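Student: protein-v3.pdb is reproduced in full below (PDB, C-alpha atoms).
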```
ATOM      1  CA  MET A   1      -3.788   0.788  27.060
ATOM      2  CA  ILE A   2      -4.898   3.523  24.683
ATOM      3  CA  ALA A   3      -8.608   4.294  24.916
ATOM      4  CA  GLY A   4     -10.671   3.067  21.986
ATOM      5  CA  ALA A   5      -7.954   0.811  20.649
ATOM      6  CA  THR A   6     -10.032  -2.342  20.992
ATOM      7  CA  GLN A   7     -12.747  -1.155  18.643
ATOM      8  CA  THR A   8     -12.957  -3.309  15.545
ATOM      9  CA  ASP A   9     -15.281  -1.543  13.134
ATOM     10  CA  LYS A  10     -13.654  -3.104  10.060
ATOM     11  CA  THR A  11     -15.305  -6.474   9.598
ATOM     12  CA  THR A  12     -15.781  -9.122   6.982
ATOM     13  CA  ARG A  13     -18.825 -11.327   6.516
ATOM     14  CA  SER A  14     -17.212 -13.983   8.679
ATOM     15  CA  GLY A  15     -16.284 -11.676  11.563
ATOM     16  CA  PRO A  16     -13.568  -9.199  12.538
ATOM     17  CA  GLU A  17     -10.881  -8.619   9.956
ATOM     18  CA  VAL A  18      -7.372  -9.824  10.814
ATOM     19  CA  ILE A  19      -4.670  -7.157  10.618
ATOM     20  CA  ARG A  20      -1.790  -8.480   8.497
ATOM     21  CA  VAL A  21       1.609  -7.284   9.767
ATOM     22  CA  LEU A  22       5.075  -7.418   8.231
ATOM     23  CA  LEU A  23       7.958  -7.089  10.712
ATOM     24  CA  VAL A  24      11.148  -5.419   9.459
ATOM     25  CA  ASP A  25      14.134  -5.361  11.791
ATOM     26  CA  ASP A  26      17.837  -5.935  11.278
ATOM     27  CA  HIS A  27      18.115  -7.863  14.571
ATOM     28  CA  GLU A  28      16.739 -11.402  14.725
ATOM     29  CA  ALA A  29      16.096 -11.191  18.475
ATOM     30  CA  MET A  30      13.957  -8.075  17.989
ATOM     31  CA  ARG A  31      12.017  -9.649  15.087
ATOM     32  CA  GLU A  32      11.282 -12.741  17.160
ATOM     33  CA  GLY A  33      10.405 -10.675  20.228
ATOM     34  CA  LEU A  34       7.932  -8.583  18.223
ATOM     35  CA  ARG A  35       6.467 -11.720  16.664
ATOM     36  CA  LEU A  36       6.010 -13.233  20.129
ATOM     37  CA  MET A  37       4.413 -10.031  21.462
ATOM     38  CA  LEU A  38       1.887 -10.010  18.630
ATOM     39  CA  SER A  39       1.186 -13.761  18.570
ATOM     40  CA  GLY A  40      -1.130 -13.593  21.573
ATOM     41  CA  ASP A  41      -3.657 -11.393  19.802
ATOM     42  CA  GLU A  42      -6.030 -13.136  17.411
ATOM     43  CA  SER A  43      -6.870  -9.915  15.545
ATOM     44  CA  ILE A  44      -3.240  -9.507  14.410
ATOM     45  CA  ARG A  45      -1.295 -11.946  12.262
ATOM     46  CA  VAL A  46       2.400 -11.623  11.419
ATOM     47  CA  ILE A  47       2.508 -12.630   7.752
ATOM     48  CA  GLY A  48       6.222 -12.158   7.214
ATOM     49  CA  VAL A  49       9.531 -10.830   8.445
ATOM     50  CA  ALA A  50      12.453  -9.087   6.761
ATOM     51  CA  ARG A  51      15.898  -8.158   7.995
ATOM     52  CA  ASP A  52      16.755  -5.371   5.529
ATOM     53  CA  GLU A  53      15.284  -2.900   3.072
ATOM     54  CA  GLN A  54      15.599  -5.139   0.020
ATOM     55  CA  LYS A  55      13.886  -8.103   1.677
ATOM     56  CA  ALA A  56      11.231  -5.754   3.065
ATOM     57  CA  LEU A  57      10.436  -4.405  -0.414
ATOM     58  CA  ASP A  58      10.216  -7.941  -1.784
ATOM     59  CA  ARG A  59       7.904  -9.097   1.024
ATOM     60  CA  VAL A  60       5.723  -5.973   0.870
ATOM     61  CA  THR A  61       5.146  -6.528  -2.835
ATOM     62  CA  LYS A  62       4.391 -10.245  -2.458
ATOM     63  CA  LEU A  63       2.449 -10.233   0.824
ATOM     64  CA  GLN A  64       0.691  -6.823   0.705
ATOM     65  CA  PRO A  65       0.482  -6.288   4.486
ATOM     66  CA  ASP A  66      -1.907  -3.900   6.187
ATOM     67  CA  ILE A  67       0.820  -2.697   8.573
ATOM     68  CA  VAL A  68       4.607  -2.609   8.231
ATOM     69  CA  LEU A  69       6.380  -2.409  11.585
ATOM     70  CA  LEU A  70       9.829  -1.035  10.756
ATOM     71  CA  ASP A  71      12.868  -0.919  13.042
ATOM     72  CA  LEU A  72      16.105  -0.538  11.123
ATOM     73  CA  THR A  73      18.883   0.731  13.340
ATOM     74  CA  ALA A  74      21.873  -0.160  11.180
ATOM     75  CA  PRO A  75      24.300   2.815  11.095
ATOM     76  CA  ASN A  76      23.949   3.638   7.382
ATOM     77  CA  THR A  77      20.196   3.090   7.123
ATOM     78  CA  ASP A  78      18.059   6.057   6.095
ATOM     79  CA  VAL A  79      14.726   5.293   7.795
ATOM     80  CA  ALA A  80      12.923   7.963   5.746
ATOM     81  CA  GLU A  81      14.179   6.505   2.464
ATOM     82  CA  VAL A  82      13.206   2.974   3.487
ATOM     83  CA  THR A  83       9.770   4.271   4.522
ATOM     84  CA  ARG A  84       9.349   6.086   1.209
ATOM     85  CA  SER A  85      10.365   2.995  -0.802
ATOM     86  CA  ILE A  86       7.950   0.742   1.062
ATOM     87  CA  ARG A  87       5.105   3.273   0.741
ATOM     88  CA  GLU A  88       5.703   3.420  -3.018
ATOM     89  CA  ALA A  89       5.583  -0.382  -3.240
ATOM     90  CA  GLN A  90       2.471  -0.689  -1.018
ATOM     91  CA  PRO A  91       0.714   2.685  -0.652
ATOM     92  CA  HIS A  92      -2.130   1.298   1.480
ATOM     93  CA  ALA A  93       0.089  -0.217   4.171
ATOM     94  CA  GLY A  94       0.311   1.709   7.416
ATOM     95  CA  MET A  95       3.977   2.302   8.220
ATOM     96  CA  VAL A  96       4.858   2.243  11.921
ATOM     97  CA  ILE A  97       8.433   3.107  12.888
ATOM     98  CA  LEU A  98      10.079   1.725  16.028
ATOM     99  CA  SER A  99      12.975   3.930  17.066
ATOM    100  CA  ASP A 100      14.516   5.477  20.149
ATOM    101  CA  ASN A 101      15.965   8.293  18.071
ATOM    102  CA  PRO A 102      13.567  11.279  18.010
ATOM    103  CA  ARG A 103      15.483  12.704  15.015
ATOM    104  CA  HIS A 104      13.830   9.946  12.920
ATOM    105  CA  LEU A 105      10.303  11.176  13.741
ATOM    106  CA  ALA A 106       9.848  14.137  11.365
ATOM    107  CA  PRO A 107      11.602  12.565   8.342
ATOM    108  CA  ALA A 108       9.703   9.299   8.801
ATOM    109  CA  ILE A 109       6.314  11.025   9.039
ATOM    110  CA  LYS A 110       7.183  13.217   6.049
ATOM    111  CA  ALA A 111       8.107  10.061   4.084
ATOM    112  CA  GLY A 112       4.728   8.487   4.832
ATOM    113  CA  ALA A 113       4.938   6.762   8.205
ATOM    114  CA  VAL A 114       1.718   6.941  10.198
ATOM    115  CA  GLY A 115       3.126   5.775  13.505
ATOM    116  CA  PHE A 116       6.270   6.301  15.559
ATOM    117  CA  LEU A 117       6.914   4.273  18.710
ATOM    118  CA  THR A 118       9.860   3.870  21.035
ATOM    119  CA  ARG A 119      11.503   0.441  21.150
ATOM    120  CA  SER A 120      10.643   0.122  24.848
ATOM    121  CA  ILE A 121       6.922  -0.127  24.079
ATOM    122  CA  GLY A 122       5.040  -2.885  25.889
ATOM    123  CA  ARG A 123       2.863  -5.576  24.356
ATOM    124  CA  GLU A 124      -0.500  -3.947  25.141
ATOM    125  CA  GLU A 125       0.610  -0.579  23.779
ATOM    126  CA  LEU A 126       2.040  -2.171  20.633
ATOM    127  CA  VAL A 127      -1.182  -4.064  19.912
ATOM    128  CA  ALA A 128      -3.236  -0.926  20.583
ATOM    129  CA  ALA A 129      -0.979   1.154  18.318
ATOM    130  CA  ILE A 130      -1.302  -1.330  15.443
ATOM    131  CA  ARG A 131      -5.088  -1.320  15.817
ATOM    132  CA  LEU A 132      -5.236   2.478  15.873
ATOM    133  CA  VAL A 133      -3.067   2.836  12.800
ATOM    134  CA  TYR A 134      -5.078   0.182  10.973
ATOM    135  CA  LEU A 135      -8.506   1.563  11.877
ATOM    136  CA  TRP A 136      -7.954   5.303  11.842
ATOM    137  CA  ARG A 137      -4.552   6.056  10.268
ATOM    138  CA  LEU A 138      -3.400   8.045  13.262
ATOM    139  CA  VAL A 139       0.085   9.328  13.862
ATOM    140  CA  LEU A 140       1.311   7.932  17.150
ATOM    141  CA  PHE A 141       4.267   9.008  19.167
ATOM    142  CA  ASN A 142       5.092   6.989  22.253
ATOM    143  CA  GLY A 143       7.236   9.240  24.407
ATOM    144  CA  ASP A 144       9.736   8.507  27.149
ATOM    145  CA  ARG A 145       7.092   8.375  29.850
ATOM    146  CA  GLY A 146       4.745   6.014  28.011
ATOM    147  CA  HIS A 147       2.342   8.760  26.907
ATOM    148  CA  CYS A 148       1.034   8.723  23.350
ATOM    149  CA  ALA A 149       0.106  11.718  21.243
ATOM    150  CA  LEU A 150      -2.470  11.153  18.520
ATOM    151  CA  VAL A 151      -2.968  13.270  15.416
ATOM    152  CA  ARG A 152      -5.709  12.492  12.912
ATOM    153  CA  LEU A 153      -4.453  12.437   9.306
TER     154      LEU A 153
END
```
Do you think you could lay out the structure here as structure tokens?
Tutor:
Amino acid sequence: MIAGATQTDKTTRSGPEVIRVLLVDDHEAMREGLRLMLSGDESIRVIGVARDEQKALDRVTKLQPDIVLLDLTAPNTDVAEVTRSIREAQPHAGMVILSDNPRHLAPAIKAGAVGFLTRSIGREELVAAIRLVYLWRLVLFNGDRGHCALVRL
């Protein structure tokens, strides 16, 4: 687990604020797996899912999530362009990219992503990463050996 990731300094009058997450993945099994991983944490709520860029843009506009967890691995998908489009539609959402392709890192960050995680990330690390991005807008990179690098924006 990443140190400090359990801090919840954003609160409402009724208690800790719930982090609203939109899952975007072109594979149903991955969407459902991510939903299941996040369902055990009461501070995170999956408010919607999308399977492609167009549905993601529609859901981002309607649902206004705090975090968009994006994993589009279709061959002709430009992750940076999808990131840019979603950031334009919802500038305050933290964009976290799930990818095993390190070539996506720089373009995604340049397009506005604030997190980059490998698809092999575990549940605890995923929850911690979402909290960190939500609370502090940190750039995360989860490397091959499970180590994360953090850079304050």
Student: If you take every atom of range 60-67 of chain A that the file lists and fit an axis-aligned box around them with 3 Å extra on each side, what centre and edge lengths come out in Å to one decimal, as lines of an AutoDock Vina configuration file?
Tutor:
```
center_x = 1.9
center_y = -6.5
center_z = 2.9
size_x = 13.6
size_y = 13.5
size_z = 17.4
```
Student: Give me the result of the PyMOL selection byres ((chain A and resi 81) around 10) on this file, residue by residue, as a list of chain:residue names.
Tutor: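 On this input, the PyMOL selection byres ((chain A and resi 81) around 10) captures A:Glu53, A:Thr77, A:Asp78, A:Val79, A:Ala80, A:Val82, A:Thr83, A:Arg84, A:Ser85, A:Ile86, A:Arg87, A:Pro107, A:Ala108, A:Ala111, A:Gly112.
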Student: How far is it from CA of Lys62 in chain A to CA of Ile19 in chain A, in Å with one decimal?
Tutor: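 CA of Ile19 in chain A lies at a distance of 16.2 Å from CA of Lys62 in chain A.
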Student: Given the file above and the PyMOL selection byres ((chain A and resi 113) around 8), which residues are selected, and can you give them as number ranges by chain?
Tutor: A: 83, 94-97, 108-112, 114-116, 139
Student: Expressed in Å to a single decimal, how great is the separation between CA of Ala128 in chain A and CA of Pro91 in chain A?
Tutor: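 Interatomic distance, CA of Ala128 in chain A to CA of Pro91 in chain A: 21.9 Å.
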Student: Please write as a ChimeraX atom specification the full residue list that the PyMOL selection byres ((chain A and resi 20) around 7) yields on this file.
Tutor: /A:18-19,21-22,44-47,65-67
Student: Can you tell me, as a count of residues only, what residues are no more than 7 Å from range 49-52 of chain A when counting only C-alpha atoms, ignoring any on the same chain fewer than 2 positions away?
Tutor: 9
Student: Which residue gives the smallest distance to Gln90 in chain A among A:Val60, A:Leu105, A:Asp71, A:Leu117, with only C-alpha atoms counted?
Tutor: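 Of the candidates, the smallest distance to Gln90 in chain A is held by A:Val60.
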Student: Between CA of Val127 in chain A and CA of Ala89 in chain A, what is the distance, to one decimal in Å?
Tutor: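 Spanning CA of Val127 in chain A to CA of Ala89 in chain A is a straight-line distance of 24.4 Å.
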Student: Compile the contact shell of Met37 in chain A as a PDB file with C-alpha atoms, in the frame of the given file: residues with an atom at most 10 Å away, counting only C-alpha atoms, same-chain residues fewer than 6 positions apart removed.
Tutor:
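The file below, around12.pdb, is the result:
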```pdb
ATOM      1  CA  ARG A  31      12.017  -9.649  15.087  1.00  0.00           C
ATOM      2  CA  GLY A 122       5.040  -2.885  25.889  1.00  0.00           C
ATOM      3  CA  ARG A 123       2.863  -5.576  24.356  1.00  0.00           C
ATOM      4  CA  GLU A 124      -0.500  -3.947  25.141  1.00  0.00           C
ATOM      5  CA  LEU A 126       2.040  -2.171  20.633  1.00  0.00           C
ATOM      6  CA  VAL A 127      -1.182  -4.064  19.912  1.00  0.00           C
TER       7      VAL A 127
END
```
Student: From the set A:Gln64, A:Ser43, A:Leu34, A:Leu69, which residue has the shortest atom-to-atom contact distance to Glu17 in chain A, counting all atoms listed in the file?
Tutor: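 Once distances to Glu17 in chain A are computed over all atoms listed in the file, the minimum belongs to A:Ser43.
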Student: Between A:Leu98, A:Ala106, A:Leu38, A:Ala93, which one has atoms that come closest to Leu70 in chain A, using only C-alpha atoms?
Tutor: A:Leu98
